[in-house]
>>> print(open('coords23.pdb').read())   # PDB, C-alpha atoms
MODEL        1
ATOM      1  CA  MET A   1     -73.825  66.349  82.780
ATOM      2  CA  LEU A   2     -74.989  68.125  79.650
ATOM      3  CA  ARG A   3     -75.066  65.526  76.879
ATOM      4  CA  THR A   4     -75.801  66.686  73.337
ATOM      5  CA  ARG A   5     -75.415  65.462  69.779
ATOM      6  CA  PHE A   6     -72.096  67.273  69.712
ATOM      7  CA  THR A   7     -70.640  65.495  72.744
ATOM      8  CA  GLU A   8     -71.788  62.143  71.352
ATOM      9  CA  VAL A   9     -70.451  62.598  67.812
ATOM     10  CA  PHE A  10     -67.131  64.172  68.807
ATOM     11  CA  GLY A  11     -66.547  62.064  71.909
ATOM     12  CA  VAL A  12     -66.068  64.763  74.548
ATOM     13  CA  GLU A  13     -67.538  65.169  78.008
ATOM     14  CA  HIS A  14     -68.821  68.739  77.828
ATOM     15  CA  PRO A  15     -70.412  70.713  74.944
ATOM     16  CA  ILE A  16     -67.733  73.399  75.107
ATOM     17  CA  VAL A  17     -65.063  74.071  72.475
ATOM     18  CA  GLN A  18     -61.907  76.157  72.373
ATOM     19  CA  GLY A  19     -61.582  76.852  68.675
ATOM     20  CA  GLY A  20     -58.501  77.766  66.690
ATOM     21  CA  MET A  21     -56.879  81.090  67.548
ATOM     22  CA  MET A  22     -53.751  82.381  65.829
ATOM     23  CA  TRP A  23     -50.791  82.615  68.234
ATOM     24  CA  VAL A  24     -53.016  81.262  71.042
ATOM     25  CA  GLY A  25     -53.929  77.633  70.272
ATOM     26  CA  ARG A  26     -50.838  75.969  71.695
ATOM     27  CA  ALA A  27     -50.198  72.777  73.645
ATOM     28  CA  GLU A  28     -50.602  74.097  77.198
ATOM     29  CA  LEU A  29     -54.017  75.667  76.565
ATOM     30  CA  VAL A  30     -55.330  72.850  74.366
ATOM     31  CA  ALA A  31     -54.280  70.170  76.853
ATOM     32  CA  ALA A  32     -55.873  72.074  79.736
ATOM     33  CA  VAL A  33     -59.135  72.301  77.793
ATOM     34  CA  ALA A  34     -59.011  68.581  77.010
ATOM     35  CA  ASN A  35     -58.248  67.665  80.619
ATOM     36  CA  ALA A  36     -61.264  69.725  81.694
ATOM     37  CA  GLY A  37     -63.501  67.576  79.477
ATOM     38  CA  ALA A  38     -63.997  70.126  76.702
ATOM     39  CA  LEU A  39     -62.595  70.106  73.154
ATOM     40  CA  GLY A  40     -59.495  72.148  72.383
ATOM     41  CA  PHE A  41     -57.863  72.846  69.030
ATOM     42  CA  ILE A  42     -54.211  73.462  68.235
ATOM     43  CA  THR A  43     -53.964  76.224  65.631
ATOM     44  CA  ALA A  44     -51.937  74.652  62.811
ATOM     45  CA  LEU A  45     -50.713  77.884  61.235
ATOM     46  CA  THR A  46     -49.375  79.216  64.536
ATOM     47  CA  GLN A  47     -46.602  76.685  63.979
ATOM     48  CA  PRO A  48     -43.962  77.927  61.487
ATOM     49  CA  THR A  49     -43.782  74.652  59.543
ATOM     50  CA  PRO A  50     -45.682  71.356  59.242
ATOM     51  CA  ASP A  51     -42.814  69.684  61.142
ATOM     52  CA  ASP A  52     -43.332  72.128  63.990
ATOM     53  CA  LEU A  53     -47.014  71.248  64.003
ATOM     54  CA  THR A  54     -46.118  67.574  64.352
ATOM     55  CA  LYS A  55     -43.955  68.428  67.362
ATOM     56  CA  GLU A  56     -46.719  70.569  68.927
ATOM     57  CA  ILE A  57     -49.193  67.706  68.591
ATOM     58  CA  ALA A  58     -46.712  65.371  70.284
ATOM     59  CA  ARG A  59     -46.146  67.937  73.039
ATOM     60  CA  THR A  60     -49.900  68.188  73.629
ATOM     61  CA  ARG A  61     -50.149  64.407  73.933
ATOM     62  CA  GLU A  62     -47.549  64.537  76.680
ATOM     63  CA  LEU A  63     -49.923  66.796  78.635
ATOM     64  CA  THR A  64     -53.239  64.994  78.068
ATOM     65  CA  ASP A  65     -54.635  61.612  77.092
ATOM     66  CA  LYS A  66     -58.041  63.056  76.226
ATOM     67  CA  PRO A  67     -59.356  64.022  72.758
ATOM     68  CA  PHE A  68     -58.186  67.239  71.124
ATOM     69  CA  GLY A  69     -58.056  68.488  67.568
ATOM     70  CA  VAL A  70     -56.243  70.737  65.132
ATOM     71  CA  ASN A  71     -57.600  73.860  63.445
ATOM     72  CA  LEU A  72     -56.676  74.542  59.809
ATOM     73  CA  THR A  73     -57.731  78.043  58.788
ATOM     74  CA  ILE A  74     -57.742  78.933  55.107
ATOM     75  CA  LEU A  75     -57.882  82.682  54.565
ATOM     76  CA  PRO A  76     -56.451  85.224  52.115
ATOM     77  CA  SER A  77     -52.842  85.914  53.063
ATOM     78  CA  ILE A  78     -49.867  87.806  51.715
ATOM     79  CA  THR A  79     -47.907  84.554  51.453
ATOM     80  CA  PRO A  80     -50.214  81.479  51.386
ATOM     81  CA  PRO A  81     -48.899  78.657  53.604
ATOM     82  CA  PRO A  82     -48.497  75.053  52.346
ATOM     83  CA  TYR A  83     -51.953  73.879  53.427
ATOM     84  CA  GLU A  84     -51.560  70.387  51.970
ATOM     85  CA  GLU A  85     -48.377  69.815  53.962
ATOM     86  CA  TYR A  86     -50.048  70.938  57.188
ATOM     87  CA  ARG A  87     -52.957  68.633  56.378
ATOM     88  CA  GLN A  88     -50.592  65.711  55.903
ATOM     89  CA  ALA A  89     -48.900  66.464  59.226
ATOM     90  CA  ILE A  90     -52.320  66.296  60.887
ATOM     91  CA  ILE A  91     -53.071  62.956  59.245
ATOM     92  CA  ASP A  92     -49.649  61.454  59.960
ATOM     93  CA  SER A  93     -49.937  62.492  63.617
ATOM     94  CA  GLY A  94     -53.115  60.477  64.070
ATOM     95  CA  ILE A  95     -55.367  63.418  64.900
ATOM     96  CA  LYS A  96     -59.041  62.417  64.781
ATOM     97  CA  ILE A  97     -60.784  65.813  64.924
ATOM     98  CA  VAL A  98     -60.108  68.779  62.630
ATOM     99  CA  GLU A  99     -61.685  72.223  62.592
ATOM    100  CA  ILE A 100     -61.621  73.850  59.166
ATOM    101  CA  ALA A 101     -62.282  77.567  58.882
ATOM    102  CA  GLY A 102     -62.249  80.034  56.026
ATOM    103  CA  GLY A 103     -62.084  78.042  52.810
ATOM    104  CA  ASN A 104     -64.332  75.399  51.298
ATOM    105  CA  PRO A 105     -64.040  72.256  53.460
ATOM    106  CA  ALA A 106     -64.519  70.059  50.387
ATOM    107  CA  THR A 107     -60.931  70.833  49.375
ATOM    108  CA  HIS A 108     -59.600  68.846  52.330
ATOM    109  CA  LEU A 109     -62.576  66.736  53.378
ATOM    110  CA  SER A 110     -61.946  63.554  51.388
ATOM    111  CA  HIS A 111     -58.313  63.386  52.522
ATOM    112  CA  LEU A 112     -59.333  63.729  56.171
ATOM    113  CA  LYS A 113     -62.364  61.441  56.054
ATOM    114  CA  ASP A 114     -60.304  58.696  54.402
ATOM    115  CA  HIS A 115     -58.333  58.545  57.660
ATOM    116  CA  GLY A 116     -61.339  58.467  59.974
ATOM    117  CA  ILE A 117     -61.059  62.127  60.941
ATOM    118  CA  LYS A 118     -64.190  63.990  62.048
ATOM    119  CA  VAL A 119     -64.457  67.470  60.587
ATOM    120  CA  LEU A 120     -66.002  70.525  62.251
ATOM    121  CA  HIS A 121     -66.419  73.429  59.835
ATOM    122  CA  LYS A 122     -66.629  77.033  60.996
ATOM    123  CA  CYS A 123     -69.272  79.086  59.136
ATOM    124  CA  THR A 124     -70.658  82.612  59.312
ATOM    125  CA  SER A 125     -73.960  82.105  57.472
ATOM    126  CA  VAL A 126     -76.787  79.595  57.128
ATOM    127  CA  LYS A 127     -75.960  79.250  53.432
ATOM    128  CA  HIS A 128     -72.385  78.188  54.133
ATOM    129  CA  ALA A 129     -73.458  75.875  56.964
ATOM    130  CA  LEU A 130     -75.869  74.064  54.664
ATOM    131  CA  LYS A 131     -73.193  73.763  51.993
ATOM    132  CA  ALA A 132     -70.785  72.286  54.542
ATOM    133  CA  GLN A 133     -73.437  69.792  55.604
ATOM    134  CA  GLN A 134     -74.053  68.892  51.968
ATOM    135  CA  VAL A 135     -70.391  68.094  51.280
ATOM    136  CA  GLY A 136     -70.228  65.832  54.332
ATOM    137  CA  VAL A 137     -68.732  67.531  57.387
ATOM    138  CA  ASP A 138     -69.585  66.012  60.771
ATOM    139  CA  GLY A 139     -70.569  69.261  62.448
ATOM    140  CA  VAL A 140     -70.529  73.028  62.020
ATOM    141  CA  SER A 141     -69.527  75.904  64.245
ATOM    142  CA  ILE A 142     -71.522  78.986  63.324
ATOM    143  CA  ASP A 143     -70.170  82.452  64.158
ATOM    144  CA  GLY A 144     -72.461  85.295  65.089
ATOM    145  CA  PHE A 145     -71.508  88.902  64.362
ATOM    146  CA  GLU A 146     -70.317  89.336  67.968
ATOM    147  CA  CYS A 147     -67.341  87.037  67.460
ATOM    148  CA  ALA A 148     -63.652  87.877  67.377
ATOM    149  CA  GLY A 149     -61.869  87.479  64.073
ATOM    150  CA  HIS A 150     -63.873  87.131  60.880
ATOM    151  CA  PRO A 151     -67.688  87.285  61.323
ATOM    152  CA  GLY A 152     -68.460  87.291  57.586
ATOM    153  CA  GLU A 153     -70.185  90.104  55.729
ATOM    154  CA  ASN A 154     -73.845  89.600  56.673
ATOM    155  CA  ASP A 155     -73.657  91.132  60.168
ATOM    156  CA  ILE A 156     -76.148  88.661  61.672
ATOM    157  CA  PRO A 157     -75.904  88.303  65.479
ATOM    158  CA  GLY A 158     -76.100  84.911  67.159
ATOM    159  CA  LEU A 159     -79.608  85.448  68.543
ATOM    160  CA  ILE A 160     -80.849  85.269  64.949
ATOM    161  CA  LEU A 161     -78.180  83.183  63.242
ATOM    162  CA  ILE A 162     -78.198  80.199  65.630
ATOM    163  CA  PRO A 163     -81.927  79.350  65.408
ATOM    164  CA  ALA A 164     -81.970  80.165  61.691
ATOM    165  CA  ALA A 165     -79.246  77.567  61.124
ATOM    166  CA  ALA A 166     -80.732  75.046  63.571
ATOM    167  CA  LYS A 167     -83.971  75.056  61.601
ATOM    168  CA  HIS A 168     -82.219  73.539  58.577
ATOM    169  CA  LEU A 169     -79.252  71.537  59.885
ATOM    170  CA  THR A 170     -79.361  67.846  60.719
ATOM    171  CA  ILE A 171     -75.740  67.566  61.887
ATOM    172  CA  PRO A 172     -74.452  68.859  65.244
ATOM    173  CA  MET A 173     -73.989  72.631  65.438
ATOM    174  CA  ILE A 174     -72.108  74.652  68.005
ATOM    175  CA  ALA A 175     -72.632  78.370  68.513
ATOM    176  CA  SER A 176     -69.796  80.891  68.500
ATOM    177  CA  GLY A 177     -69.560  84.600  69.150
ATOM    178  CA  GLY A 178     -70.521  86.530  72.270
ATOM    179  CA  ILE A 179     -70.377  83.498  74.582
ATOM    180  CA  ALA A 180     -68.284  83.561  77.749
ATOM    181  CA  ASP A 181     -70.352  82.058  80.559
ATOM    182  CA  ALA A 182     -73.079  79.626  81.609
ATOM    183  CA  GLN A 183     -75.850  81.980  80.556
ATOM    184  CA  GLY A 184     -74.455  82.001  77.018
ATOM    185  CA  LEU A 185     -74.207  78.215  77.014
ATOM    186  CA  VAL A 186     -77.815  77.749  78.129
ATOM    187  CA  ALA A 187     -79.035  80.395  75.679
ATOM    188  CA  ALA A 188     -77.222  78.686  72.801
ATOM    189  CA  LEU A 189     -78.746  75.322  73.699
ATOM    190  CA  ALA A 190     -82.194  76.941  73.892
ATOM    191  CA  LEU A 191     -81.690  78.449  70.438
ATOM    192  CA  GLY A 192     -80.995  75.028  68.939
ATOM    193  CA  ALA A 193     -77.218  74.657  69.217
ATOM    194  CA  ASP A 194     -75.565  71.478  70.520
ATOM    195  CA  GLY A 195     -72.731  73.286  72.266
ATOM    196  CA  VAL A 196     -70.654  76.455  72.259
ATOM    197  CA  ASN A 197     -67.308  77.626  70.951
ATOM    198  CA  MET A 198     -65.357  80.246  72.909
ATOM    199  CA  GLY A 199     -62.211  82.060  71.859
ATOM    200  CA  THR A 200     -61.843  85.271  73.839
ATOM    201  CA  ARG A 201     -62.939  83.570  77.080
ATOM    202  CA  PHE A 202     -60.322  80.802  76.743
ATOM    203  CA  MET A 203     -57.689  83.349  75.736
ATOM    204  CA  CYS A 204     -58.268  84.956  79.141
ATOM    205  CA  THR A 205     -57.345  81.915  81.284
ATOM    206  CA  GLN A 206     -54.226  81.071  83.253
ATOM    207  CA  GLU A 207     -53.056  78.385  80.809
ATOM    208  CA  SER A 208     -53.383  80.676  77.804
ATOM    209  CA  GLY A 209     -49.949  81.623  76.511
ATOM    210  CA  VAL A 210     -50.772  85.250  75.708
ATOM    211  CA  ALA A 211     -49.122  87.979  77.735
ATOM    212  CA  GLN A 212     -50.635  88.840  81.120
ATOM    213  CA  LYS A 213     -51.204  92.443  79.975
ATOM    214  CA  VAL A 214     -53.460  91.187  77.184
ATOM    215  CA  LYS A 215     -55.528  89.140  79.640
ATOM    216  CA  GLU A 216     -55.801  92.084  82.015
ATOM    217  CA  GLN A 217     -56.885  94.330  79.150
ATOM    218  CA  ILE A 218     -59.639  91.890  78.175
ATOM    219  CA  VAL A 219     -60.923  91.986  81.770
ATOM    220  CA  ALA A 220     -60.775  95.789  81.754
ATOM    221  CA  ASN A 221     -62.498  96.154  78.370
ATOM    222  CA  SER A 222     -66.235  96.344  77.817
ATOM    223  CA  GLU A 223     -68.324  95.046  74.939
ATOM    224  CA  LEU A 224     -67.781  98.433  73.271
ATOM    225  CA  ASP A 225     -64.014  98.100  73.016
ATOM    226  CA  THR A 226     -63.651  96.417  69.624
ATOM    227  CA  LYS A 227     -63.220  97.715  66.088
ATOM    228  CA  LEU A 228     -64.297  96.304  62.737
ATOM    229  CA  ILE A 229     -61.506  96.481  60.182
ATOM    230  CA  PHE A 230     -61.269  95.369  56.535
ATOM    231  CA  ARG A 231     -64.888  96.426  55.985
ATOM    232  CA  THR A 232     -64.002  98.104  52.692
ATOM    233  CA  LEU A 233     -62.148  94.972  51.578
ATOM    234  CA  ASN A 234     -65.158  92.668  52.165
ATOM    235  CA  ASN A 235     -63.061  90.718  54.666
ATOM    236  CA  THR A 236     -64.389  92.127  57.954
ATOM    237  CA  ALA A 237     -62.466  91.316  61.125
ATOM    238  CA  ARG A 238     -63.325  92.209  64.728
ATOM    239  CA  VAL A 239     -60.268  93.214  66.739
ATOM    240  CA  ALA A 240     -59.466  95.066  69.940
ATOM    241  CA  ASP A 241     -59.875  98.827  69.994
ATOM    242  CA  ASN A 242     -56.346 100.229  70.109
ATOM    243  CA  ALA A 243     -54.203 102.832  68.379
ATOM    244  CA  ILE A 244     -53.497 100.573  65.415
ATOM    245  CA  SER A 245     -57.065  99.412  64.754
ATOM    246  CA  ARG A 246     -58.319 103.000  64.973
ATOM    247  CA  LYS A 247     -55.704 104.055  62.437
ATOM    248  CA  VAL A 248     -56.681 101.220  60.088
ATOM    249  CA  VAL A 249     -60.338 102.261  60.263
ATOM    250  CA  GLU A 250     -59.397 105.877  59.507
ATOM    251  CA  ILE A 251     -57.318 104.862  56.484
ATOM    252  CA  GLU A 252     -60.135 102.688  55.149
ATOM    253  CA  LYS A 253     -62.700 105.461  55.601
ATOM    254  CA  SER A 254     -60.463 107.860  53.677
ATOM    255  CA  GLY A 255     -60.375 105.487  50.706
ATOM    256  CA  GLY A 256     -57.084 103.746  51.423
ATOM    257  CA  SER A 257     -56.219 100.389  49.854
ATOM    258  CA  PHE A 258     -54.814  97.258  51.444
ATOM    259  CA  ASP A 259     -51.323  98.416  50.535
ATOM    260  CA  ASP A 260     -51.867 101.435  52.778
ATOM    261  CA  ILE A 261     -52.569  99.253  55.812
ATOM    262  CA  ARG A 262     -50.485  96.187  54.969
ATOM    263  CA  ASP A 263     -47.749  96.889  57.526
ATOM    264  CA  LEU A 264     -50.180  97.871  60.276
ATOM    265  CA  VAL A 265     -52.123  94.589  60.072
ATOM    266  CA  SER A 266     -49.228  92.172  59.639
ATOM    267  CA  GLY A 267     -49.461  88.969  61.604
ATOM    268  CA  GLN A 268     -46.041  89.475  63.119
ATOM    269  CA  ARG A 269     -47.151  92.740  64.719
ATOM    270  CA  GLY A 270     -50.180  90.972  66.190
ATOM    271  CA  ARG A 271     -47.938  88.196  67.444
ATOM    272  CA  LYS A 272     -45.863  90.798  69.304
ATOM    273  CA  VAL A 273     -48.994  91.923  71.155
ATOM    274  CA  PHE A 274     -49.754  88.406  72.363
ATOM    275  CA  GLU A 275     -46.196  87.410  73.207
ATOM    276  CA  GLU A 276     -44.764  90.658  74.586
ATOM    277  CA  GLY A 277     -47.858  92.431  75.896
ATOM    278  CA  ASP A 278     -47.341  95.592  73.843
ATOM    279  CA  LEU A 279     -51.042  96.366  73.374
ATOM    280  CA  ASP A 280     -50.471  98.895  70.574
ATOM    281  CA  ALA A 281     -47.864  96.936  68.629
ATOM    282  CA  GLY A 282     -50.457  95.701  66.116
ATOM    283  CA  ILE A 283     -54.012  94.492  65.738
ATOM    284  CA  TRP A 284     -55.180  91.648  67.984
ATOM    285  CA  THR A 285     -58.424  89.745  67.935
ATOM    286  CA  THR A 286     -60.989  89.877  70.693
ATOM    287  CA  GLY A 287     -64.768  89.589  70.674
ATOM    288  CA  GLN A 288     -67.577  91.552  72.241
ATOM    289  CA  SER A 289     -67.793  88.811  74.863
ATOM    290  CA  GLN A 290     -64.931  90.557  76.643
ATOM    291  CA  GLY A 291     -67.646  92.656  78.260
ATOM    292  CA  LEU A 292     -68.715  89.485  80.109
ATOM    293  CA  ILE A 293     -65.219  88.522  81.282
ATOM    294  CA  HIS A 294     -64.242  89.626  84.773
ATOM    295  CA  ASP A 295     -61.505  87.226  85.861
ATOM    296  CA  ILE A 296     -58.604  85.057  84.700
ATOM    297  CA  PRO A 297     -59.415  81.551  85.980
ATOM    298  CA  THR A 298     -57.780  78.226  85.267
ATOM    299  CA  VAL A 299     -59.369  76.377  82.373
ATOM    300  CA  ALA A 300     -60.603  73.664  84.749
ATOM    301  CA  ASP A 301     -62.306  76.222  86.994
ATOM    302  CA  LEU A 302     -63.882  77.967  83.995
ATOM    303  CA  VAL A 303     -65.330  74.783  82.468
ATOM    304  CA  THR A 304     -66.540  73.430  85.818
ATOM    305  CA  ARG A 305     -68.152  76.751  86.674
ATOM    306  CA  MET A 306     -69.906  76.964  83.327
ATOM    307  CA  ILE A 307     -71.289  73.434  83.477
ATOM    308  CA  ASP A 308     -72.381  73.693  87.136
ATOM    309  CA  GLU A 309     -74.041  77.066  86.622
ATOM    310  CA  ALA A 310     -75.683  75.940  83.383
ATOM    311  CA  GLU A 311     -77.201  72.933  85.133
ATOM    312  CA  ASP A 312     -78.403  75.177  87.958
ATOM    313  CA  ILE A 313     -80.057  77.537  85.466
ATOM    314  CA  ILE A 314     -81.766  74.687  83.618
ATOM    315  CA  THR A 315     -82.927  72.692  86.641
ATOM    316  CA  GLY A 316     -83.390  75.656  88.947
ATOM    317  CA  ARG A 317     -84.434  79.059  87.659
ATOM    318  CA  LEU A 318     -85.911  77.962  84.332
ATOM    319  CA  ASN A 319     -87.636  74.955  85.854
ATOM    320  CA  GLU A 320     -89.131  77.127  88.575
ATOM    321  CA  MET A 321     -90.380  79.616  85.983
ATOM    322  CA  VAL A 322     -92.183  76.838  84.124
ATOM    323  CA  ALA A 323     -93.616  75.301  87.297
ATOM    324  CA  ALA A 324     -94.648  78.527  89.010
ATOM    325  CA  PRO A 325     -98.280  79.679  88.573
ATOM    326  CA  VAL A 326     -98.792  82.856  86.587
ATOM    327  CA  THR A 327     -99.976  85.734  88.777
ATOM    328  CA  ALA A 328    -101.774  88.737  87.412
ATOM    329  CA  ARG A 329    -100.037  92.071  87.718
ATOM    330  CA  SER A 330    -101.788  94.655  89.821
TER     331      SER A 330
ENDMDL
END
>>> encode(input="coords23.pdb", output="structure tokens")
Amino acid sequence: MLRTRFTEVFGVEHPIVQGGMMWVGRAELVAAVANAGALGFITALTQPTPDDLTKEIARTRELTDKPFGVNLTILPSITPPPYEEYRQAIIDSGIKIVEIAGGNPATHLSHLKDHGIKVLHKCTSVKHALKAQQVGVDGVSIDGFECAGHPGENDIPGLILIPAAAKHLTIPMIASGGIADAQGLVAALALGADGVNMGTRFMCTQESGVAQKVKEQIVANSELDTKLIFRTLNNTARVADNAISRKVVEIEKSGGSFDDIRDLVSGQRGRKVFEEGDLDAGIWTTGQSQGLIHDIPTVADLVTRMIDEAEDIITGRLNEMVAAPVTARS
């Protein structure tokens, strides 16, 4: 098995994480990830209220007895949710691992740490990763520019960002963005990461609750089929290329304000895509890793395949390359 600082600190079998995904991180997927030996996160804000989150945690526990966590994402929103109430629901439910994304983790860290909760903070830059380490998080997940959702404003791909962060961090770090298979896992470990986070790849599994049409579209898409929106608002997001995202980009390029795109990018429209399979109902997040996704496996098959193939790459091909004598080219 692949044992890393991440698996040791967070108490999971494999260095693979299914991070928080709005409208996606629900009990069935999270439990399947946990049962496969990886770490899954319920997305807190997918649940309408803190009470609903408590129920979703209980429902997940009915499906698995292995570790899982809850994601709490703090981002600009039209109507800010009651973050403190969601945090208290997490604490009261006895959750021991929390992924914080978006806002400063220090806002919630002391409350969580007081209850023995390990905190993984999602970052998009070395600067923010170091700050998270300084305030006391247990690990960081660092997002390269290839990722779905919000990659930050520096546009640094994982091939650069991962080793740049690894050079300075002393806490476990997992790599996110552009990873969907064993090759990505091995590459991330070689670059200095202690594991990987995957969103788009886990979204395209049998236990994922998104509509079958969405999964089939991910398989059909290439790495070219995404759009970057909110660039003019300094809140860049990578989403699927569809009629709505193309319209948003056009409005932004013509000088439009957020008010001009507010309806197009509403969360409820995106939810309709995931739940009903209407691919042009709104914007929906997907990463460039969709170009590496060619099937819709069970979570167990995906995790097993990744670990087995990663071990084969490390002990087989790479080992043979090191051991083989160098021959001169003719």
>>> resolve_selection(input="coords23.pdb", expression="the PyMOL selection byres ((chain A and resi 311-315) around 9)", output="compact mmCIF listing (two decimals) with C-alpha atoms, in the frame of the given file")
# COMPACT_ATOMS: atom_id res chain seq x y z
CA MET A 1 -73.82 66.35 82.78
CA LEU A 2 -74.99 68.12 79.65
CA ALA A 182 -73.08 79.63 81.61
CA GLN A 183 -75.85 81.98 80.56
CA VAL A 186 -77.82 77.75 78.13
CA MET A 306 -69.91 76.96 83.33
CA ILE A 307 -71.29 73.43 83.48
CA ASP A 308 -72.38 73.69 87.14
CA GLU A 309 -74.04 77.07 86.62
CA ALA A 310 -75.68 75.94 83.38
CA GLY A 316 -83.39 75.66 88.95
CA ARG A 317 -84.43 79.06 87.66
CA LEU A 318 -85.91 77.96 84.33
CA ASN A 319 -87.64 74.96 85.85
CA GLU A 320 -89.13 77.13 88.58
>>> resolve_selection(input="coords23.pdb", expression="the PyMOL selection byres ((chain A and resi 262-265) around 10)", output="list in words")
Ile78, Ile229, Phe230, Ile244, Ser245, Lys247, Val248, Ser257, Phe258, Asp259, Asp260, Ile261, Ser266, Gly267, Gln268, Arg269, Gly270, Ala281, Gly282, Ile283 and Trp284 of chain A
>>> atom_distance(input="coords23.pdb", atom1="atom CA of A:Arg5", atom2="atom CA of A:Thr73")
24.3 Å
>>> resolve_selection(input="coords23.pdb", expression="the PyMOL selection byres ((chain A and resi 16-24) around 9)", output="PyMOL selection string")
chain A and resi 7+12-15+25-26+29-30+33+37-47+70-73+99+101+149+174+185+195-199+201-203+208-210+267+270-271+274-275+285+303
>>> atom_distance(input="coords23.pdb", atom1="atom CA of A:Asp65", atom2="atom CA of A:Pro297")
22.3 Å
>>> closest_residue(input="coords23.pdb", among="A:Gln290, A:Thr107, A:Ser222, A:Asn35", to="A:Glu84", atoms="only C-alpha atoms")
A:Thr107
>>> residues_around(input="coords23.pdb", residues="stretch 160-172 of chain A", least_positions_apart="2", cutoff="12 Å", atoms="all atoms listed in the file", output="VMD selection string")
chain A and resid 4 to 10 15 118 to 121 123 to 146 151 to 152 154 to 158 174 to 178 187 to 196
>>> closest_residue(input="coords23.pdb", among="A:Thr64, A:Lys215, A:Thr205, A:Ala180", to="A:Val299", atoms="only C-alpha atoms")
A:Thr205
>>> atom_distance(input="coords23.pdb", atom1="atom CA of A:Ile90", atom2="atom CA of A:Gly103")
17.3 Å
>>> residues_around(input="coords23.pdb", residues="A:Gln88", least_positions_apart="6", cutoff="12 Å", atoms="all atoms listed in the file", output="PDB file with C-alpha atoms, in the coordinates of the input")
ATOM      1  CA  ALA A  44     -51.937  74.652  62.811  1.00  0.00           C
ATOM      2  CA  THR A  49     -43.782  74.652  59.543  1.00  0.00           C
ATOM      3  CA  PRO A  50     -45.682  71.356  59.242  1.00  0.00           C
ATOM      4  CA  ASP A  51     -42.814  69.684  61.142  1.00  0.00           C
ATOM      5  CA  LEU A  53     -47.014  71.248  64.003  1.00  0.00           C
ATOM      6  CA  THR A  54     -46.118  67.574  64.352  1.00  0.00           C
ATOM      7  CA  VAL A  70     -56.243  70.737  65.132  1.00  0.00           C
ATOM      8  CA  LEU A  72     -56.676  74.542  59.809  1.00  0.00           C
ATOM      9  CA  PRO A  82     -48.497  75.053  52.346  1.00  0.00           C
ATOM     10  CA  GLY A  94     -53.115  60.477  64.070  1.00  0.00           C
ATOM     11  CA  ILE A  95     -55.367  63.418  64.900  1.00  0.00           C
ATOM     12  CA  HIS A 108     -59.600  68.846  52.330  1.00  0.00           C
ATOM     13  CA  HIS A 111     -58.313  63.386  52.522  1.00  0.00           C
ATOM     14  CA  LEU A 112     -59.333  63.729  56.171  1.00  0.00           C
ATOM     15  CA  HIS A 115     -58.333  58.545  57.660  1.00  0.00           C
TER      16      HIS A 115
END
>>> residues_around(input="coords23.pdb", residues="A:Ile296", least_positions_apart="2", cutoff="7 Å", atoms="only C-alpha atoms", output="PyMOL selection string")
chain A and resi 204-206+298
>>> write_last_selection(input="coords23.pdb", atoms="C-alpha atoms", output="PDB file, in the frame of the given file")
ATOM      1  CA  CYS A 204     -58.268  84.956  79.141  1.00  0.00           C
ATOM      2  CA  THR A 205     -57.345  81.915  81.284  1.00  0.00           C
ATOM      3  CA  GLN A 206     -54.226  81.071  83.253  1.00  0.00           C
ATOM      4  CA  THR A 298     -57.780  78.226  85.267  1.00  0.00           C
TER       5      THR A 298
END
>>> closest_residue(input="coords23.pdb", among="A:Lys213, A:Arg61, A:Lys113, A:Lys122", to="A:Ser93", atoms="all atoms listed in the file")
A:Arg61
>>> closest_residue(input="coords23.pdb", among="A:Gln212, A:Glu252, A:Ala323, A:Cys147", to="A:Asp278", atoms="all atoms listed in the file")
A:Gln212
>>> closest_residue(input="coords23.pdb", among="A:Leu159, A:Leu302, A:Leu233, A:Ala240", to="A:Ala36", atoms="only C-alpha atoms")
A:Leu302
>>> decode(input="coords23.pdb", residues="stretch 99-104 of chain A", atoms="N, CA, C and O atoms", output="mmCIF file, in the first residue's frame")
data_model
loop_
_atom_site.group_PDB
_atom_site.id
_atom_site.type_symbol
_atom_site.label_atom_id
_atom_site.label_comp_id
_atom_site.auth_asym_id
_atom_site.auth_seq_id
_atom_site.Cartn_x
_atom_site.Cartn_y
_atom_site.Cartn_z
ATOM 1 N N GLU A 99 -12.631 19.869 5.960
ATOM 2 C CA GLU A 99 -11.938 20.568 4.887
ATOM 3 C C GLU A 99 -12.523 21.971 4.807
ATOM 4 O O GLU A 99 -13.728 22.146 4.623
ATOM 5 N N ILE A 100 -11.668 22.972 4.969
ATOM 6 C CA ILE A 100 -12.088 24.358 4.835
ATOM 7 C C ILE A 100 -11.553 24.905 3.527
ATOM 8 O O ILE A 100 -10.373 24.733 3.207
ATOM 9 N N ALA A 101 -12.399 25.562 2.775
ATOM 10 C CA ALA A 101 -11.988 26.158 1.507
ATOM 11 C C ALA A 101 -12.504 27.590 1.441
ATOM 12 O O ALA A 101 -13.512 27.931 2.055
ATOM 13 N N GLY A 102 -11.799 28.409 0.687
ATOM 14 C CA GLY A 102 -12.261 29.774 0.462
ATOM 15 C C GLY A 102 -11.713 30.770 1.464
ATOM 16 O O GLY A 102 -10.708 31.427 1.222
ATOM 17 N N GLY A 103 -12.346 30.878 2.611
ATOM 18 C CA GLY A 103 -11.972 31.883 3.594
ATOM 19 C C GLY A 103 -10.785 31.499 4.447
ATOM 20 O O GLY A 103 -10.234 30.400 4.356
ATOM 21 N N ASN A 104 -10.393 32.425 5.309
ATOM 22 C CA ASN A 104 -9.281 32.220 6.234
ATOM 23 C C ASN A 104 -9.637 31.122 7.229
ATOM 24 O O ASN A 104 -10.618 31.241 7.962
#
